[in-house]
Amino acid sequence: MKHFYLGIIAAHLIVLTYAATDEEPLAQQIRSAVQQEAFTVNALVQSGFRYSLADDNFQGGRTFEAANARLSFRGNLDGGFYYRLFFNLVKEPNLLDAYIGYRFSDALRITTGAMKPKQTLDFIPDPGSTDFIDRTHITGLLVQSREIGVSFEGDLGGLYYFSGIFNGNKLSSNNNNELYGIGRLQYTFEDLQIAVQGSYGNSPGVQTGNAGPVLRGSRTILGGDVRLEAEPLLLAAEYLAGSLETTDFSDRKEFISGYYLTIGYRLFAGTMLLGRWQSWSAREQDYWDNQATLGLNHNFTSVTSCQLNADAYFPEKSAARYGLSFLLQVQF
């Protein structure tokens, strides 16, 4: 019976694929009505389904989910200023971005408020533009989703830089009067993008990432990444490592590191097949886990798309686990 339900999902996906059309008058109505330079409304709605093949809790078990319901209000103002308010209505905290910025030129933009720091390659894209349904495990262990502070970024030819000073407490007020610095330096050669990044700060009581340990003191995070998009081929790789003072060990630092490798091939104009291998470890907790993901991304129209992932998780100290994930989204 369980395989019957999976067959139903696959059949619906095939029908939707062939039902797509190049004519999009309704999408054009959205753009003309709510997307102007001074005031733009963007929305992301994602609903999905998780299916653990072994009937366990892998990736949430077997469940439907409302993954995202995001609304963004942003625009440019006279005098070089810009702003953004960004909310997610199905997850806490609901507030994502709340910032004001000033554009001196393409070479310097200053932003202050709540924002997503542009640190790692895996975490920079919004949830509607990622290669896979889930971000990598090493990102979830080390990188914060949002911070409050001030950032400086700009483009100098093919060179892009980002630097920022933040509270280090995600979207909370500073709790120890010490700040958290984040930086990224990136260069683009036509289809190839290469970058290095890092961060440092003392943020006791804060959980690193959304699944990492709780800090008792300082953290130092360093990494590098590369991405090549030369149609029809996609290649991406990233390494990330963190030296952390955690509450798990009072006399020594934890060292968490990991990497991922992604390869993709565009089968058709709106369809891409992808594969990803990722590996992550923690020295003091003494584990080294791996996961493989096979993905299929398809755009029905410019605002509707879907993703289908098959995951195989290979933990070092327990049995392998397997699961399927499906995500349908509207984004404009």
# chains A, B, ... in the order shown; residues from 1 in each chain; ligands from 1
$ closest_atom_pairs --of "range 124-199 of chain A" --to "range 80-98 of chain A" --cutoff "10 Å" --atoms "only C-alpha atoms" --output "Markdown table"
| residue | atom | partner | partner_atom | distance |
| --- | --- | --- | --- | --- |
| A:Ser145 | CA | A:Leu96 | CA | 8.7 |
| A:Arg146 | CA | A:Leu96 | CA | 6.8 |
| A:Glu147 | CA | A:Asp97 | CA | 8.9 |
| A:Ile148 | CA | A:Ala98 | CA | 9.0 |
| A:Leu171 | CA | A:Pro93 | CA | 8.4 |
$ write_last_selection --atoms "all heavy atoms" --output "compact mmCIF listing (two decimals), in the first residue's frame"
# COMPACT_ATOMS: atom_id res chain seq x y z
N SER A 145 21.24 31.33 10.76
CA SER A 145 20.34 31.74 9.69
C SER A 145 20.14 33.24 9.64
O SER A 145 20.04 33.83 8.56
CB SER A 145 18.98 31.05 9.85
OG SER A 145 18.40 31.40 11.10
N ARG A 146 20.09 33.91 10.79
CA ARG A 146 19.86 35.34 10.84
C ARG A 146 20.68 35.95 11.97
O ARG A 146 20.94 35.30 13.00
CB ARG A 146 18.37 35.68 11.05
CG ARG A 146 17.46 35.40 9.85
CD ARG A 146 17.88 36.18 8.66
NE ARG A 146 16.99 36.21 7.55
CZ ARG A 146 16.77 35.23 6.66
NH1 ARG A 146 17.32 34.07 6.81
NH2 ARG A 146 15.97 35.42 5.62
N GLU A 147 21.06 37.21 11.78
CA GLU A 147 21.78 37.96 12.80
C GLU A 147 21.31 39.41 12.77
O GLU A 147 20.76 39.88 11.76
CB GLU A 147 23.29 37.93 12.56
CG GLU A 147 23.94 36.57 12.80
CD GLU A 147 24.14 36.25 14.27
OE1 GLU A 147 23.79 37.10 15.12
OE2 GLU A 147 24.65 35.17 14.57
N ILE A 148 21.55 40.14 13.87
CA ILE A 148 21.27 41.56 13.95
C ILE A 148 22.59 42.31 14.01
O ILE A 148 23.44 42.01 14.86
CB ILE A 148 20.41 41.92 15.17
CG1 ILE A 148 19.06 41.20 15.10
CG2 ILE A 148 20.20 43.42 15.27
CD1 ILE A 148 18.17 41.45 16.31
N LEU A 171 18.62 36.39 16.45
CA LEU A 171 17.76 37.57 16.43
C LEU A 171 17.49 38.11 17.84
O LEU A 171 16.49 38.79 18.07
CB LEU A 171 16.44 37.25 15.73
CG LEU A 171 16.54 37.01 14.23
CD1 LEU A 171 15.18 36.68 13.63
CD2 LEU A 171 17.15 38.21 13.51
$ closest_residue --among "A:Gln36, A:Asn42, A:Asn297, A:Ser250" --to "Leu327 in chain A" --atoms "only C-alpha atoms"
A:Asn297
$ select_by_dssp --residues "range 139-311 of chain A" --states "strand (DSSP E)" --output "NGL selection string"
:A and (147-156 or 159-166 or 180-189 or 192-202 or 215-230 or 233-246 or 254-268 or 271-282 or 287-299 or 304-311)
$ closest_atom_pairs --of "range 284-322 of chain A" --to "range 54-73 of chain A" --cutoff "9 Å" --atoms "only C-alpha atoms" --output "Markdown table"
| residue | atom | partner | partner_atom | distance |
| --- | --- | --- | --- | --- |
| A:Tyr313 | CA | A:Phe58 | CA | 8.8 |
| A:Arg321 | CA | A:Phe58 | CA | 6.8 |
| A:Tyr322 | CA | A:Ala54 | CA | 7.0 |
$ write_last_selection --atoms "N, CA and C atoms" --output "compact mmCIF listing (two decimals), in the first residue's frame"
# COMPACT_ATOMS: atom_id res chain seq x y z
N TYR A 313 21.29 7.94 4.27
CA TYR A 313 22.10 8.46 5.38
C TYR A 313 22.91 7.32 5.98
N ARG A 321 19.92 4.77 7.01
CA ARG A 321 18.51 5.13 6.92
C ARG A 321 18.24 5.75 5.55
N TYR A 322 17.00 5.58 5.07
CA TYR A 322 16.66 6.00 3.72
C TYR A 322 15.32 6.73 3.74
$ residues_around --residues "Ser163 in chain A" --least-positions-apart "4" --cutoff "7 Å" --atoms "only C-alpha atoms" --output "ChimeraX atom specification"
/A:151-153,182-184
$ residues_around --residues "Phe255 in chain A" --least-positions-apart "2" --cutoff "6 Å" --atoms "only C-alpha atoms" --output "VMD selection string"
chain A and resid 242 to 243 282 to 283
$ residues_around --residues "Ser218 in chain A" --least-positions-apart "3" --cutoff "6 Å" --atoms "only C-alpha atoms" --output "list in words"
Gly201, Asn202 and Glu245 of chain A
$ write_last_selection --atoms "N, CA and C atoms" --output "compact mmCIF listing (two decimals), in the first residue's frame"
# COMPACT_ATOMS: atom_id res chain seq x y z
N GLY A 201 33.80 35.03 17.02
CA GLY A 201 33.14 35.78 18.08
C GLY A 201 32.98 34.96 19.33
N ASN A 202 32.57 35.63 20.41
CA ASN A 202 32.34 34.99 21.70
C ASN A 202 30.86 35.14 22.02
N GLU A 245 34.11 26.50 21.51
CA GLU A 245 34.03 26.26 22.94
C GLU A 245 32.58 25.97 23.27
$ closest_residue --among "A:Phe268, A:Phe314, A:Tyr161, A:Phe166" --to "Tyr287 in chain A" --atoms "only C-alpha atoms"
A:Phe314
$ decode --residues "range 131-158 of chain A" --atoms "N, CA, C and O atoms" --output "short mmCIF file (atom, residue, chain, number, x, y, z; two decimals), in the first residue's frame"
data_model
loop_
_atom_site.label_atom_id
_atom_site.label_comp_id
_atom_site.auth_asym_id
_atom_site.auth_seq_id
_atom_site.Cartn_x
_atom_site.Cartn_y
_atom_site.Cartn_z
N ASP A 131 19.55 23.94 -4.44
CA ASP A 131 19.69 22.80 -5.34
C ASP A 131 18.89 21.59 -4.84
O ASP A 131 18.41 20.79 -5.64
N PHE A 132 18.78 21.47 -3.51
CA PHE A 132 18.08 20.34 -2.90
C PHE A 132 17.06 20.86 -1.88
O PHE A 132 17.11 22.02 -1.48
N ILE A 133 16.17 19.99 -1.46
CA ILE A 133 15.15 20.40 -0.49
C ILE A 133 15.79 20.81 0.82
O ILE A 133 15.42 21.83 1.41
N ASP A 134 16.77 20.03 1.29
CA ASP A 134 17.42 20.31 2.56
C ASP A 134 18.83 20.85 2.33
O ASP A 134 19.55 20.38 1.44
N ARG A 135 19.23 21.81 3.16
CA ARG A 135 20.60 22.27 3.13
C ARG A 135 21.51 21.21 3.75
O ARG A 135 21.04 20.24 4.35
N THR A 136 22.80 21.41 3.65
CA THR A 136 23.73 20.39 4.12
C THR A 136 23.80 20.37 5.65
O THR A 136 23.50 21.35 6.34
N HIS A 137 24.24 19.23 6.18
CA HIS A 137 24.33 19.07 7.63
C HIS A 137 25.41 19.96 8.22
O HIS A 137 25.22 20.52 9.31
N ILE A 138 26.54 20.11 7.56
CA ILE A 138 27.61 20.92 8.13
C ILE A 138 27.18 22.37 8.25
O ILE A 138 27.54 23.06 9.21
N THR A 139 26.38 22.86 7.30
CA THR A 139 25.85 24.21 7.42
C THR A 139 24.94 24.33 8.63
O THR A 139 25.02 25.30 9.40
N GLY A 140 24.07 23.35 8.83
CA GLY A 140 23.17 23.38 9.96
C GLY A 140 23.88 23.30 11.30
O GLY A 140 23.37 23.77 12.31
N LEU A 141 25.07 22.70 11.33
CA LEU A 141 25.82 22.59 12.57
C LEU A 141 26.58 23.86 12.94
O LEU A 141 26.86 24.09 14.12
N LEU A 142 26.92 24.69 11.94
CA LEU A 142 27.83 25.79 12.20
C LEU A 142 27.30 27.19 11.89
O LEU A 142 27.72 28.16 12.52
N VAL A 143 26.40 27.34 10.93
CA VAL A 143 26.08 28.68 10.41
C VAL A 143 24.71 29.15 10.89
O VAL A 143 23.73 28.41 10.83
N GLN A 144 24.66 30.41 11.32
CA GLN A 144 23.41 31.01 11.78
C GLN A 144 22.55 31.42 10.59
O GLN A 144 23.06 31.87 9.57
N SER A 145 21.24 31.33 10.76
CA SER A 145 20.34 31.74 9.69
C SER A 145 20.14 33.24 9.64
O SER A 145 20.04 33.83 8.56
N ARG A 146 20.09 33.91 10.79
CA ARG A 146 19.86 35.34 10.84
C ARG A 146 20.68 35.95 11.97
O ARG A 146 20.94 35.30 13.00
N GLU A 147 21.06 37.21 11.78
CA GLU A 147 21.78 37.96 12.80
C GLU A 147 21.31 39.41 12.77
O GLU A 147 20.76 39.88 11.76
N ILE A 148 21.55 40.14 13.87
CA ILE A 148 21.27 41.56 13.95
C ILE A 148 22.59 42.31 14.01
O ILE A 148 23.44 42.01 14.86
N GLY A 149 22.78 43.28 13.13
CA GLY A 149 24.02 44.04 13.13
C GLY A 149 24.11 44.95 11.93
O GLY A 149 23.10 45.42 11.41
N VAL A 150 25.33 45.19 11.47
CA VAL A 150 25.58 46.05 10.32
C VAL A 150 26.53 45.32 9.38
O VAL A 150 27.47 44.67 9.81
N SER A 151 26.25 45.43 8.07
CA SER A 151 27.08 44.75 7.08
C SER A 151 27.51 45.73 6.00
O SER A 151 26.84 46.74 5.74
N PHE A 152 28.63 45.39 5.36
CA PHE A 152 29.18 46.16 4.26
C PHE A 152 29.46 45.19 3.12
O PHE A 152 30.12 44.17 3.32
N GLU A 153 28.95 45.49 1.94
CA GLU A 153 29.17 44.60 0.80
C GLU A 153 29.24 45.42 -0.48
O GLU A 153 28.78 46.57 -0.53
N GLY A 154 29.84 44.81 -1.51
CA GLY A 154 29.95 45.52 -2.77
C GLY A 154 30.58 44.66 -3.84
O GLY A 154 31.10 43.57 -3.59
N ASP A 155 30.51 45.16 -5.07
CA ASP A 155 31.06 44.48 -6.24
C ASP A 155 32.11 45.38 -6.88
O ASP A 155 31.85 46.55 -7.19
N LEU A 156 33.28 44.83 -7.08
CA LEU A 156 34.38 45.52 -7.74
C LEU A 156 34.80 44.68 -8.95
O LEU A 156 35.69 43.85 -8.86
N GLY A 157 34.11 44.88 -10.06
CA GLY A 157 34.33 44.01 -11.21
C GLY A 157 33.84 42.61 -10.88
O GLY A 157 32.70 42.41 -10.46
N GLY A 158 34.72 41.62 -11.04
CA GLY A 158 34.34 40.24 -10.71
C GLY A 158 34.48 39.92 -9.25
O GLY A 158 34.13 38.81 -8.82
#
